[in-house]
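Enquirer: There's a structure below that I have some questions on.
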Amino acid sequence: MYELINVDKRFPGVHALKAVDFKVNRGEIVGLVGENGAGKSTLMKVIYGSYQPDGGDITIDGTKVRFQNPRQAMDHGIGMVFQEQSLITNLTVMENIFLGFEQQFVSFGVINWRKMADAARAQLAKVKLDIDPSTKTSQLSFAQRQLVELAKVLTLEERIDGDLVILLDEPTSVLASEEVELLFQIVRDLTSRASFIFVSHRMEEVLELSDRIYVMKDGEVVDVVEHDKADKESIQHKMVGREVDKEYYREQKQKPYDGDRVLLSVDGLGFAGRFADVSFDLHAGEVLCLVGTEGSGREAILRTVFGIDRPDTGSVTVKDQKITRFSAQNGVTMGIGYLPRERKVEGIVAGMNVYENMTLSQMGNYASAGILRIGEERALAEDQVARLSIKTPDIFKDCGGLSGGNQQKVVLAKWRSGGSEILLMDHPTRGLDIGAKEDVYDMIREMSDEGVGIILVADTLEEAIGLSHNIIVLKDGEVQKRFTGAPGSKPSLYDLVHHMI
Amino acid sequence: MNMERIKPHLPWLTLVLLVALVGIANPTFLNPAGLIVLASDVVPLFIMALGMTFAIYIGGIDLSVQQLANLVTVIATVFLMSFGIWVAVLCILAGALFGAVSGFVTTRLYVPSFVSTLALGFVALSGAKWLSGQRALHMDAEQRDATFGWVFERTLGIPNELLIAAGLLAACWFLQSRTTFGRSLKAVGAGELAAVASGLNVDRIKILAFALCGALAAISGLIFSVKLSGGDANLANGFLLLAIVAVLVGGTPLTGGVGGVLNTAIGTLIVMVIRAAMVYLEVDATQQQMIFGIVLIIAIALTIDRSKLKIVK
């Protein structure tokens with residue numbers, strides 16, 4: 001019914017979709033899996049009309065269509081349930097459901113709220129959500145909001161002729177397991193009304209729910225697996241294109257850390273609404289992983305330790321010096337480096353070249369009386385480019401034009417060459433391809449050998465387990481459990497998940 | 001050749017094209033002596049635009065510069081008698097302080113710079129009216145010539161005024177491209193959040209940028225005042241639009257981080273040529289701002305970095 005034929009999409013420097021064929025039949029649930037950067041989000045954006053393909057065709061029931069924007073896609077029955085929920089929290093549930101389509105309830109220029117509430121109730125019944133449609137959206141739980149979002153998309157049913165295709169983008173990422181079950185039941189029931197495209201990084205869920213699974217890698221569909229023939233191992237294999245093993249996380253290179261040298265000590269740290277009473281020590285050569293779901297406080301702890309956010313309670317002590325003034329500036333002075341999750345926004349300055357980025361945190365070391373010694377800056381950059389094998393035509397290249405992995409290397413080079421002994425890494429491998437990830441793992445091991453203490457928020461649990469000496473599991477901003485992980489005696493995924501949710 | 005590659009070269013190409021067009025239409029325009037006179041005429045505007053460049057380079061804007069220059073013309077005229085040459089120092093300090101206040105309001109009170117500087121511009125205007133008693137003041141001709149007469153003399157045939165402008169341009173260029181401060185400005189303009197996460201004191205950098213903008217606006221007002229031998233609260237009116245046009249057509253976009261003071265030099269020359277062309281084409285003086293308003297919109301639309309703007313309000 002809905003079909004993409006040979007669809008191509010390019011961005012400057014990236015071939016994001018390579019001749020992708022994709023098909024959804026009536027009443028089908030199609031799974032879409034792939035690593036970060038495999039092209040899933042680009043494909044979805046093409047499907048719901050946010051991007052226009054550079055080549056290939058989109059057809060509905062054999063008729064060619066072209067969407068200029070998501071609204072046009074909606075008019076053809078394509079709806080999107082967003083991962084970052086798109087509901088406006090200070091509006092009521094019914095206002096959200098009919099946002100932009102209030103006209104049907106208007107008589108003499110005034111909205112008939114009762115009529116709208118009735119219509120909203122009918123939509124909510126489709127997703128089996130029994131709430132008052134005049135509730136403010138901010139009062140709902142995440143799971144309820146997800147269902148409202150789904151109900152909102154289902155209004156398409158009344159509005160258009162023809163079939164519905166609904167995209168679910170990581171719908172389970174913020175849900176507890178019983179909520180996930182409930183959502184799946186609802187989605188299955190709704191297949192009489194619509195087809196679904198289900199995108200998730202949780203392989204088990206995709207296997208459970210989908211009739212067919214598209215596996216993407218590097219912008220290509222590498223396999224289409226039927227539900228009955230789907231097997232987790234082989235799909236994972238195709239996603240990464242290789243076996244994931246212990247070698248991958250460089251476990252053989254993991255050495256014991258220096259338990260006598262405490263670099264950083266966090267005591268009773270708390271930040272209202274984010275995390276509370278967090279304490280730990282970070283030693284020279286240690287990799288400490290903070291593990292938890294989105295919003296468990298992992299990132300907030302990193303940002304507070306660095307100094308960007310100010311804690312309400314507790315203290316941070318760096319090399320026996322208690323921090324009294326929390327600011328990024330102070331953090332940098334104390335020898336803390338921060339690899340932010342938003343690499344392109346907070347990590348590198350796009351528009352500045354390689355050497356300018358590398359000395360940004362340490363300009364004082366390359367200046368006399370405020371005048372830069374640019375020759376030395378360039379020498380540093382040449383040296384780091386060679387040492388970390390950063391792929392760039394030269395050091396005058398705009399960092400915004402480098403690939404993700406090389407941008408990350410530039411940020412690492414910035415902190416390491418500036419002498420940071422403590423590194424806070426927030427999703428350092430997010431969106432990198434396999435090779436670049438392995439480079440980052442190698443660098444982490446090298447830094448540990450040099451006595452750098454690392455606090456890591458990993459992109460996946462496997463990564464956290466593979467890389468860490470110690471793991472702290474967080475839930476709702478509180479420390480749940482601590483694990484130690486010497487090579488060979490690492491905790492399992494299930495040990496961690498058990499305490500996360 | 002795509003648009004992104006051509007973009008950095010657009011300003012000087014535009015300048016060359018405009019000079020050629022005006023030159024063909026009116027060959028006397030290309031007479032060097034005439035060009036020098038034209039260039040000297042835009043010196044106050046250029047210096048103001050130079051300051052404005054710093055505000056725009058960090059992604060802000062300073063709408064108070066015109067009123068600040070107005071205030072400075074009054075200060076200069078009132079205090080010339082008692083301070084002599086030191087009136088220059090007084091004016092520049094006042095400008096820097098005023099700019100720093102704009103920066104403070106913007107960074108510490110979280111008032112967007114276009115509102116904070118607009119509001120402070122009215123403070124300056126009001127100050128100028130109060131100090132001048134709403135009258136057009138005149139400098140004592142003798143005192144003016146003794147103190148600032150050298151500004152309008154020539155060295156090796158080049159007006160000193162132009163040499164001052166060139167000197168300031170060189171100093172600003174050095175500051176922008178060879179100092180930690182200049183590098184910080186670029187980082188704040190191109191990626192403020194990354195600058196914060198690299199431990200830069202972004203607030204201080206912004207306050208300094210606005211202070212610099214204010215100081216240069218003061219110099220601009222001072223020269224203009226000396227040139228016209230007087231001061232009043234409306235003397236520099238009409239400068240603001242042209243200063244913004246000069247910065248933007250020069251190729252420093254409102255989103256900041258790109259361009260710089262050399263671009264502004266080219267931008268000012270473009271403004272100069274357009275103004276000269278309008279005189280040749282006998283465009284009525286009342287219509288000139290209309291043209292520049294349109295030029296400004298075109299320049300913004302061409303230069304702005306849309307990837308940095310999620311929402312425009």
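Labeling convention for the structure tokens: chains A, B, ... as they appear, residues from 1 per chain, ligands from 1 in order of appearance.
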Within 7 Å of B:Asp232, counting only C-alpha atoms, which residues show up once you throw out same-chain ones fewer than 6 positions away? Write them as a ChimeraX atom specification, please.

Expert: /B:70,73-74,132,135-137

Enquirer: Within 9 Å of chain A, which residues of chain B show up when using only C-alpha atoms, listed as a ChimeraX atom specification?

Expert: /B:175,177-181,183-184,186-188,190-201,257-258

Enquirer: For the residues in the current selection, export N, CA, C and O atoms as a tab-separated table (two decimals), in the first residue's frame.

Expert:
```
chain	number	residue	atom	x	y	z
B	175	LEU	N	42.85	43.01	17.08
B	175	LEU	CA	42.10	42.54	18.24
B	175	LEU	C	41.25	41.33	17.88
B	175	LEU	O	41.18	40.35	18.61
B	177	SER	N	41.56	39.18	15.26
B	177	SER	CA	42.13	37.95	14.72
B	177	SER	C	43.41	37.49	15.40
B	177	SER	O	43.89	36.40	15.12
B	178	ARG	N	43.96	38.30	16.30
B	178	ARG	CA	45.24	37.90	16.87
B	178	ARG	C	45.24	37.81	18.39
B	178	ARG	O	46.27	37.53	18.99
B	179	THR	N	44.10	38.08	19.02
B	179	THR	CA	44.10	38.07	20.49
B	179	THR	C	43.11	37.03	21.03
B	179	THR	O	42.22	36.58	20.31
B	180	THR	N	43.32	36.67	22.28
B	180	THR	CA	42.40	35.71	22.91
B	180	THR	C	41.00	36.30	22.97
B	180	THR	O	40.01	35.59	22.83
B	181	PHE	N	40.92	37.63	23.15
B	181	PHE	CA	39.62	38.28	23.20
B	181	PHE	C	38.88	38.10	21.86
B	181	PHE	O	37.71	37.73	21.83
B	183	ARG	N	39.37	35.82	19.59
B	183	ARG	CA	39.02	34.42	19.40
B	183	ARG	C	37.78	34.08	20.22
B	183	ARG	O	36.89	33.36	19.77
B	184	SER	N	37.72	34.64	21.43
B	184	SER	CA	36.55	34.40	22.28
B	184	SER	C	35.29	34.97	21.64
B	184	SER	O	34.23	34.37	21.68
B	186	LYS	N	34.67	35.27	18.52
B	186	LYS	CA	34.27	34.38	17.45
B	186	LYS	C	33.55	33.16	18.01
B	186	LYS	O	32.52	32.73	17.50
B	187	ALA	N	34.12	32.61	19.09
B	187	ALA	CA	33.51	31.42	19.70
B	187	ALA	C	32.11	31.72	20.20
B	187	ALA	O	31.19	30.93	20.01
B	188	VAL	N	31.94	32.89	20.82
B	188	VAL	CA	30.62	33.25	21.34
B	188	VAL	C	29.65	33.42	20.18
B	188	VAL	O	28.50	32.98	20.24
B	190	ALA	N	29.88	32.11	17.07
B	190	ALA	CA	29.65	30.91	16.26
B	190	ALA	C	29.03	29.79	17.08
B	190	ALA	O	28.26	28.99	16.56
B	191	GLY	N	29.33	29.71	18.36
B	191	GLY	CA	28.79	28.60	19.15
B	191	GLY	C	28.88	28.93	20.63
B	191	GLY	O	29.75	28.45	21.35
B	192	GLU	N	27.92	29.73	21.08
B	192	GLU	CA	28.00	30.23	22.45
B	192	GLU	C	28.01	29.10	23.47
B	192	GLU	O	28.77	29.12	24.44
B	193	LEU	N	27.17	28.06	23.25
B	193	LEU	CA	27.09	26.99	24.24
B	193	LEU	C	28.40	26.23	24.34
B	193	LEU	O	28.83	25.84	25.42
B	194	ALA	N	29.05	26.03	23.19
B	194	ALA	CA	30.34	25.36	23.22
B	194	ALA	C	31.38	26.23	23.91
B	194	ALA	O	32.27	25.74	24.60
B	195	ALA	N	31.25	27.54	23.73
B	195	ALA	CA	32.17	28.46	24.40
B	195	ALA	C	31.99	28.36	25.91
B	195	ALA	O	32.97	28.31	26.66
B	196	VAL	N	30.75	28.30	26.36
B	196	VAL	CA	30.49	28.13	27.79
B	196	VAL	C	31.10	26.82	28.28
B	196	VAL	O	31.81	26.77	29.28
B	197	ALA	N	30.84	25.75	27.52
B	197	ALA	CA	31.31	24.43	27.95
B	197	ALA	C	32.83	24.30	27.84
B	197	ALA	O	33.39	23.33	28.31
B	198	SER	N	33.48	25.26	27.19
B	198	SER	CA	34.94	25.25	27.16
B	198	SER	C	35.51	26.10	28.27
B	198	SER	O	36.72	26.33	28.33
B	199	GLY	N	34.64	26.63	29.11
B	199	GLY	CA	35.10	27.38	30.26
B	199	GLY	C	35.37	28.85	30.00
B	199	GLY	O	36.02	29.51	30.79
B	200	LEU	N	34.89	29.39	28.88
B	200	LEU	CA	35.08	30.82	28.64
B	200	LEU	C	34.09	31.61	29.50
B	200	LEU	O	32.96	31.18	29.73
B	201	ASN	N	34.53	32.79	29.93
B	201	ASN	CA	33.63	33.66	30.69
B	201	ASN	C	32.81	34.46	29.69
B	201	ASN	O	33.15	35.59	29.33
B	257	GLY	N	29.48	35.35	14.38
B	257	GLY	CA	30.49	34.32	14.21
B	257	GLY	C	31.27	34.35	12.91
B	257	GLY	O	32.32	33.74	12.79
B	258	VAL	N	30.74	35.03	11.90
B	258	VAL	CA	31.40	35.10	10.59
B	258	VAL	C	31.62	36.56	10.25
B	258	VAL	O	30.94	37.43	10.78
```

Enquirer: Out of stretch 70-290 of chain B, which residues get strand (DSSP E) from DSSP, as a list in words?

Expert: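 Selection result, strand (DSSP E) within stretch 70-290 of chain B: Leu137, His138, Arg154, Thr155, Ile158, Pro159, Gly230 and Gly231 of chain B.
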
Enquirer: Since we have the selection now, will you write its residues out, keeping N, CA and C atoms, as an mmCIF file, in the first residue's frame?

Expert:
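In the end it all went to again02.cif:
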```cif
data_model
loop_
_atom_site.group_PDB
_atom_site.id
_atom_site.type_symbol
_atom_site.label_atom_id
_atom_site.label_comp_id
_atom_site.auth_asym_id
_atom_site.auth_seq_id
_atom_site.Cartn_x
_atom_site.Cartn_y
_atom_site.Cartn_z
ATOM 1 N N LEU B 137 24.252 73.291 19.955
ATOM 2 C CA LEU B 137 25.389 73.985 20.555
ATOM 3 C C LEU B 137 26.511 74.126 19.541
ATOM 4 N N HIS B 138 27.316 75.160 19.727
ATOM 5 C CA HIS B 138 28.439 75.337 18.816
ATOM 6 C C HIS B 138 29.731 75.384 19.581
ATOM 7 N N ARG B 154 46.050 67.197 6.215
ATOM 8 C CA ARG B 154 46.440 66.049 5.405
ATOM 9 C C ARG B 154 47.882 65.664 5.674
ATOM 10 N N THR B 155 48.149 64.367 5.632
ATOM 11 C CA THR B 155 49.523 63.889 5.707
ATOM 12 C C THR B 155 49.807 63.195 4.386
ATOM 13 N N ILE B 158 46.923 62.618 2.161
ATOM 14 C CA ILE B 158 45.773 61.833 2.624
ATOM 15 C C ILE B 158 45.198 62.494 3.874
ATOM 16 N N PRO B 159 43.897 62.690 3.910
ATOM 17 C CA PRO B 159 43.316 63.341 5.085
ATOM 18 C C PRO B 159 43.597 62.530 6.349
ATOM 19 N N GLY B 230 30.099 71.366 16.437
ATOM 20 C CA GLY B 230 28.994 71.605 17.353
ATOM 21 C C GLY B 230 28.375 70.301 17.796
ATOM 22 N N GLY B 231 27.321 70.439 18.558
ATOM 23 C CA GLY B 231 26.654 69.217 19.000
ATOM 24 C C GLY B 231 25.198 69.485 19.300
#
```

Enquirer: Which is closer to A:Arg145 than all the others in A:Ser86, A:Leu388, A:Leu99, A:Ala117, using only C-alpha atoms?

Expert: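 Counting only C-alpha atoms, the residue closest to A:Arg145 is A:Ser86.
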
Enquirer: Name the residues of stretch 10-175 of chain B that fall into alpha helix (DSSP H) according to DSSP on the backbone, using the chain letters and numbers of this document, as a PyMOL selection string.

Expert: chain B and resi 10-25+32-41+43-57+65-83+86-108+113-132+141-148+160-175

Enquirer: Which residues come within 7 Å of A:Ser134, counting only C-alpha atoms, excluding same-chain residues fewer than 2 positions away, as a ChimeraX atom specification?

Expert: /A:92-94,132,136

Enquirer: Within 8 Å of stretch 220-226 of chain A, counting only C-alpha atoms, which residues show up once you throw out same-chain ones fewer than 2 positions away? Write them as an MDAnalysis selection string, please.

Expert: chainID A and resid 17:21 38:39 211:218 228:230 238:239

Enquirer: Excluding stretch 231-234 of chain A and residues on its chain fewer than 5 positions from it, collect all residues at most 8 Å away from it, counting only C-alpha atoms, and give them as a list in words.

Expert: Met203, Glu204 and Leu207 of chain A
